[in-house]
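S.K.: Dropping the structure in here first, questions after.
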2 protein chains.
Amino acid sequence: MKSKESKTAIDPTTEEKIRNAARKVFTQKGYGAARTRDIAQEAGINIALLNYYFRSKEKLFEIIMLESMQGFIHSISGILNDDQTSLQDKIQILVSTYIDMLTIQPNLPLFVLSELRANPQELIQKLNFKEKLIHSHFFIQLQQAIQEGKIPPIHPLHFMMNIMGMIIFPYIGSPILKNIGDLEENTFNTLMQQRKTLIPKWIEAMMLVK
Amino acid sequence: MKSKESKTAIDPTTEEKIRNAARKVFTQKGYGAARTRDIAQEAGINIALLNYYFRSKEKLFEIIMLESMQGFIHSISGILNDDQTSLQDKIQILVSTYIDMLTIQPNLPLFVLSELRANPQELIQKLNFKEKLIHSHFFIQLQQAIQEGKIPPIHPLHFMMNIMGMIIFPYIGSPILKNIGDLEENTFNTLMQQRKTLIPKWIEAMMLVK
DNA sequence: TATTTTATTAATCATTTGATTAAATTATTT
DNA sequence: AAATAATTTAATCAAATGATTAATAAAATA
């Protein structure tokens, strides 16, 4: 038996093992196609334990989903609301942070967006994007820059579609992109690292259009 | 009984009814979460008929998937291989056509990309993207423009990520975007119509970066 | 018209799947 | 150590699900 005080990595608790397995299986297969038995096997535990700790598949899913998205939103929110950084800085840091996160969890966007479509009302409002993004320091800076005539008017949604599309889409479309470009996982990640510096430049160029 | 010769829209055959229902249910829920009973009910037929016409859920799925993607790829392929149009023309037509198609089938990308991730090898190779895109007239023109120094060097994959990201991502992320921007379906579609002219301009500006 | 083929249905099967139960084991408290 | 509480397991349940069957209806063919 390992001591919990051991300096080397401690064993995850049963609850953590289940959460980790659930995150993996749900992310790979989506809620509807994920089987509690898959999760139990992945976690190396008895199926009954899953219900012992989390009551039901649905409850477990809600916890995983909320947890996944909150981690994500929290990081982003911190960047967008830093009042010490310029608009350009924010974009650069945002892109870089996003890509780093997605390098670790490349399947997260497709998972989240699939489930959001299947279950529109509840989750989205629970996470309160609007509050956290529209009223962020970032969006205030954007609107200011427009009013001061530094950049031509653009609907903030267009802006959001562009920046998120350029960052997130590659991960969502990676099976096709890897096939088209004959890419290994490695090469794909190298391209994404390049995008850390490219996307901010592209965004800047786009923002001056018309 | 309606005559098949009637000038008004003829009734779809049973097989068509099943295909239409399957397309709808698979697209909404994905393969794993779709139930044959859902499909049968949506089509207004007995479950046994589904197996009578298509042998199994899996076979039906493969047909729907191939059919959906081929229609899509075929349109795109035609545009990219038209040797009468310039690079700029192609981009403009591509964006416009894509957005028109996605306005009609907004859930298609998420469906296709979800299933491609779950089932990477077979489908992708069967559809043969590489052949149809990399060797297209479009890509030849792009590489020529780069060699002639008209635009700075850019990896074609970056180009593809950008243009596809800006077109497709809004549809994939629409639940979030609609929530953030307080958009109705209508307003969302208006924004997408604006993008028909905006994206080509943005792409052009981006292509001149660095 | 009689016969054969095709299409359709209700009923049912065998598995799968989410969940529960009761017993066993381990940890904690008294 | 004894008693109590928490954790884990094997076995099982009921409902859901993909698929089949046998009977019937409709259409096509001879």
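Quick note on naming: the chains in the structure tokens go A, B, ... in the order shown, residues restart at 1 in each chain, and ligands are numbered from 1 in order of appearance.
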Restrict the distance test to only C-alpha atoms, flag each residue of chain B within 6 Å of chain A, and return the flagged residues as a ChimeraX atom specification.

M.R.: /B:32-33,130,161-162,165-166,169-170,180,202,205-206

S.K.: Got time to write the residues from that selection, N, CA and C atoms, as a PDB file, in the first residue's frame?

M.R.:
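This went into selection-v5.pdb:
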ATOM      1  N   GLY B  32     -23.905   6.917 -32.694  1.00  0.00           N
ATOM      2  CA  GLY B  32     -24.038   6.174 -31.444  1.00  0.00           C
ATOM      3  C   GLY B  32     -25.317   6.458 -30.695  1.00  0.00           C
ATOM      4  N   ALA B  33     -25.767   7.688 -30.744  1.00  0.00           N
ATOM      5  CA  ALA B  33     -26.946   8.074 -29.967  1.00  0.00           C
ATOM      6  C   ALA B  33     -28.234   7.932 -30.772  1.00  0.00           C
ATOM      7  N   LYS B 130      -7.548  14.122 -50.581  1.00  0.00           N
ATOM      8  CA  LYS B 130      -6.229  14.565 -51.004  1.00  0.00           C
ATOM      9  C   LYS B 130      -6.202  14.802 -52.511  1.00  0.00           C
ATOM     10  N   MET B 161      -7.071  25.846 -43.403  1.00  0.00           N
ATOM     11  CA  MET B 161      -7.588  25.992 -42.033  1.00  0.00           C
ATOM     12  C   MET B 161      -8.318  27.316 -41.877  1.00  0.00           C
ATOM     13  N   ASN B 162      -7.749  28.361 -42.451  1.00  0.00           N
ATOM     14  CA  ASN B 162      -8.337  29.683 -42.286  1.00  0.00           C
ATOM     15  C   ASN B 162      -9.669  29.825 -42.997  1.00  0.00           C
ATOM     16  N   GLY B 165     -12.162  27.380 -41.515  1.00  0.00           N
ATOM     17  CA  GLY B 165     -12.502  27.806 -40.162  1.00  0.00           C
ATOM     18  C   GLY B 165     -13.473  28.963 -40.157  1.00  0.00           C
ATOM     19  N   MET B 166     -13.220  29.937 -41.028  1.00  0.00           N
ATOM     20  CA  MET B 166     -14.077  31.127 -41.031  1.00  0.00           C
ATOM     21  C   MET B 166     -15.470  30.834 -41.576  1.00  0.00           C
ATOM     22  N   PHE B 169     -16.791  27.162 -38.960  1.00  0.00           N
ATOM     23  CA  PHE B 169     -16.887  27.259 -37.503  1.00  0.00           C
ATOM     24  C   PHE B 169     -18.159  27.937 -37.008  1.00  0.00           C
ATOM     25  N   PRO B 170     -18.588  29.025 -37.639  1.00  0.00           N
ATOM     26  CA  PRO B 170     -19.819  29.654 -37.133  1.00  0.00           C
ATOM     27  C   PRO B 170     -20.987  28.683 -37.019  1.00  0.00           C
ATOM     28  N   ILE B 180     -24.221  34.299 -27.144  1.00  0.00           N
ATOM     29  CA  ILE B 180     -23.391  35.474 -26.873  1.00  0.00           C
ATOM     30  C   ILE B 180     -23.981  36.719 -27.521  1.00  0.00           C
ATOM     31  N   TRP B 202     -11.186  39.501 -46.317  1.00  0.00           N
ATOM     32  CA  TRP B 202     -10.280  39.158 -45.211  1.00  0.00           C
ATOM     33  C   TRP B 202      -9.167  38.227 -45.679  1.00  0.00           C
ATOM     34  N   ALA B 205      -6.571  40.085 -47.575  1.00  0.00           N
ATOM     35  CA  ALA B 205      -5.703  40.872 -46.689  1.00  0.00           C
ATOM     36  C   ALA B 205      -4.701  39.968 -45.964  1.00  0.00           C
ATOM     37  N   MET B 206      -5.187  38.816 -45.518  1.00  0.00           N
ATOM     38  CA  MET B 206      -4.323  37.887 -44.806  1.00  0.00           C
ATOM     39  C   MET B 206      -3.204  37.371 -45.698  1.00  0.00           C
TER      40      MET B 206
END

S.K.: Within 12 Å of chain A, which residues of chain C are there when counting only C-alpha atoms (C1' of nucleotides)? Please give them as a PDB file with N, CA and C atoms (P, O5', C5', C4', C3', O3' and C1' of nucleotides), in the first residue's frame.

M.R.:
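Saved to selection_25.pdb:
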ATOM      1  P    DT C  16     -23.850  -8.185 -26.587  1.00  0.00           P
ATOM      2  O5'  DT C  16     -24.410  -6.762 -26.140  1.00  0.00           O
ATOM      3  C5'  DT C  16     -25.129  -5.985 -27.102  1.00  0.00           C
ATOM      4  C4'  DT C  16     -25.667  -4.727 -26.459  1.00  0.00           C
ATOM      5  C3'  DT C  16     -24.719  -4.022 -25.490  1.00  0.00           C
ATOM      6  O3'  DT C  16     -24.733  -2.656 -25.853  1.00  0.00           O
ATOM      7  C1'  DT C  16     -26.826  -4.360 -24.462  1.00  0.00           C
ATOM      8  P    DT C  17     -23.761  -1.593 -25.196  1.00  0.00           P
ATOM      9  O5'  DT C  17     -24.640  -0.979 -24.013  1.00  0.00           O
ATOM     10  C5'  DT C  17     -25.901  -0.400 -24.318  1.00  0.00           C
ATOM     11  C4'  DT C  17     -26.585   0.029 -23.047  1.00  0.00           C
ATOM     12  C3'  DT C  17     -25.644   0.544 -21.958  1.00  0.00           C
ATOM     13  O3'  DT C  17     -26.074   1.798 -21.530  1.00  0.00           O
ATOM     14  C1'  DT C  17     -27.155  -1.015 -21.072  1.00  0.00           C
ATOM     15  P    DG C  18     -25.084   2.793 -20.757  1.00  0.00           P
ATOM     16  O5'  DG C  18     -25.967   3.255 -19.507  1.00  0.00           O
ATOM     17  C5'  DG C  18     -27.252   3.814 -19.728  1.00  0.00           C
ATOM     18  C4'  DG C  18     -28.094   3.647 -18.490  1.00  0.00           C
ATOM     19  C3'  DG C  18     -27.458   4.179 -17.201  1.00  0.00           C
ATOM     20  O3'  DG C  18     -28.422   4.938 -16.499  1.00  0.00           O
ATOM     21  C1'  DG C  18     -28.065   1.905 -16.933  1.00  0.00           C
ATOM     22  P    DA C  19     -28.086   5.573 -15.071  1.00  0.00           P
ATOM     23  O5'  DA C  19     -28.543   4.442 -14.043  1.00  0.00           O
ATOM     24  C5'  DA C  19     -29.904   3.990 -14.086  1.00  0.00           C
ATOM     25  C4'  DA C  19     -30.077   2.843 -13.116  1.00  0.00           C
ATOM     26  C3'  DA C  19     -29.556   3.115 -11.698  1.00  0.00           C
ATOM     27  O3'  DA C  19     -30.676   3.207 -10.824  1.00  0.00           O
ATOM     28  C1'  DA C  19     -29.004   0.905 -12.476  1.00  0.00           C
ATOM     29  P    DT C  20     -30.441   3.418  -9.259  1.00  0.00           P
ATOM     30  O5'  DT C  20     -30.546   1.938  -8.653  1.00  0.00           O
ATOM     31  C5'  DT C  20     -31.631   1.124  -9.056  1.00  0.00           C
ATOM     32  C4'  DT C  20     -31.527  -0.246  -8.390  1.00  0.00           C
ATOM     33  C3'  DT C  20     -31.213  -0.210  -6.889  1.00  0.00           C
ATOM     34  O3'  DT C  20     -32.171  -1.011  -6.221  1.00  0.00           O
ATOM     35  C1'  DT C  20     -29.754  -1.695  -8.016  1.00  0.00           C
ATOM     36  P    DT C  21     -32.327  -0.900  -4.634  1.00  0.00           P
ATOM     37  O5'  DT C  21     -31.966  -2.379  -4.154  1.00  0.00           O
ATOM     38  C5'  DT C  21     -32.233  -3.486  -5.019  1.00  0.00           C
ATOM     39  C4'  DT C  21     -31.449  -4.698  -4.554  1.00  0.00           C
ATOM     40  C3'  DT C  21     -31.117  -4.697  -3.061  1.00  0.00           C
ATOM     41  O3'  DT C  21     -31.426  -5.952  -2.507  1.00  0.00           O
ATOM     42  C1'  DT C  21     -29.161  -5.029  -4.338  1.00  0.00           C
TER      43       DT C  21
END

S.K.: List every residue of stretch 46-165 of chain B that DSSP, applied to the backbone of this structure, places in helix (DSSP H, G or I), and write the result as a PyMOL selection string.

M.R.: chain B and resi 47-54+57-80+87-104+108-118+120-127+129-134+137-147+156-165

S.K.: Please provide the set of residues having any atom within 12 Å of C:DT29, restricted to only C-alpha atoms (C1' of nucleotides), with same-chain residues fewer than 6 positions apart removed, written as a PyMOL selection string.

M.R.: chain D and resi 2-6

S.K.: Could you save those same residues with C-alpha atoms (C1' of nucleotides) as a PDB file, in the first residue's frame?

M.R.:
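Okay, part_31.pdb is ready:
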ATOM      1  C1'  DA D   2     -15.712  -4.231  19.065  1.00  0.00           C
ATOM      2  C1'  DA D   3     -18.833  -1.560  16.660  1.00  0.00           C
ATOM      3  C1'  DT D   4     -19.890   1.387  13.077  1.00  0.00           C
ATOM      4  C1'  DA D   5     -19.368   3.470   8.712  1.00  0.00           C
ATOM      5  C1'  DA D   6     -17.481   3.657   4.094  1.00  0.00           C
TER       6       DA D   6
END

S.K.: Distance limit 10 Å, atoms considered: only C-alpha atoms (C1' of nucleotides). Which chain D residues sit that close to chain A? Return them as a PDB file with C-alpha atoms (C1' of nucleotides), in the first residue's frame.

M.R.:
ATOM      1  C1'  DT D   7     -16.003   1.302   0.024  1.00  0.00           C
ATOM      2  C1'  DT D   8     -16.042  -2.439  -3.312  1.00  0.00           C
ATOM      3  C1'  DT D   9     -17.714  -6.588  -5.637  1.00  0.00           C
ATOM      4  C1'  DA D  10     -20.599 -10.169  -8.017  1.00  0.00           C
TER       5       DA D  10
END

S.K.: Just the number, please: distance in Å from atom C1' of C:DT12 to atom CA of B:Leu50, one decimal.

M.R.: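 Separating atom C1' of C:DT12 from atom CA of B:Leu50 is a distance of 17.1 Å.
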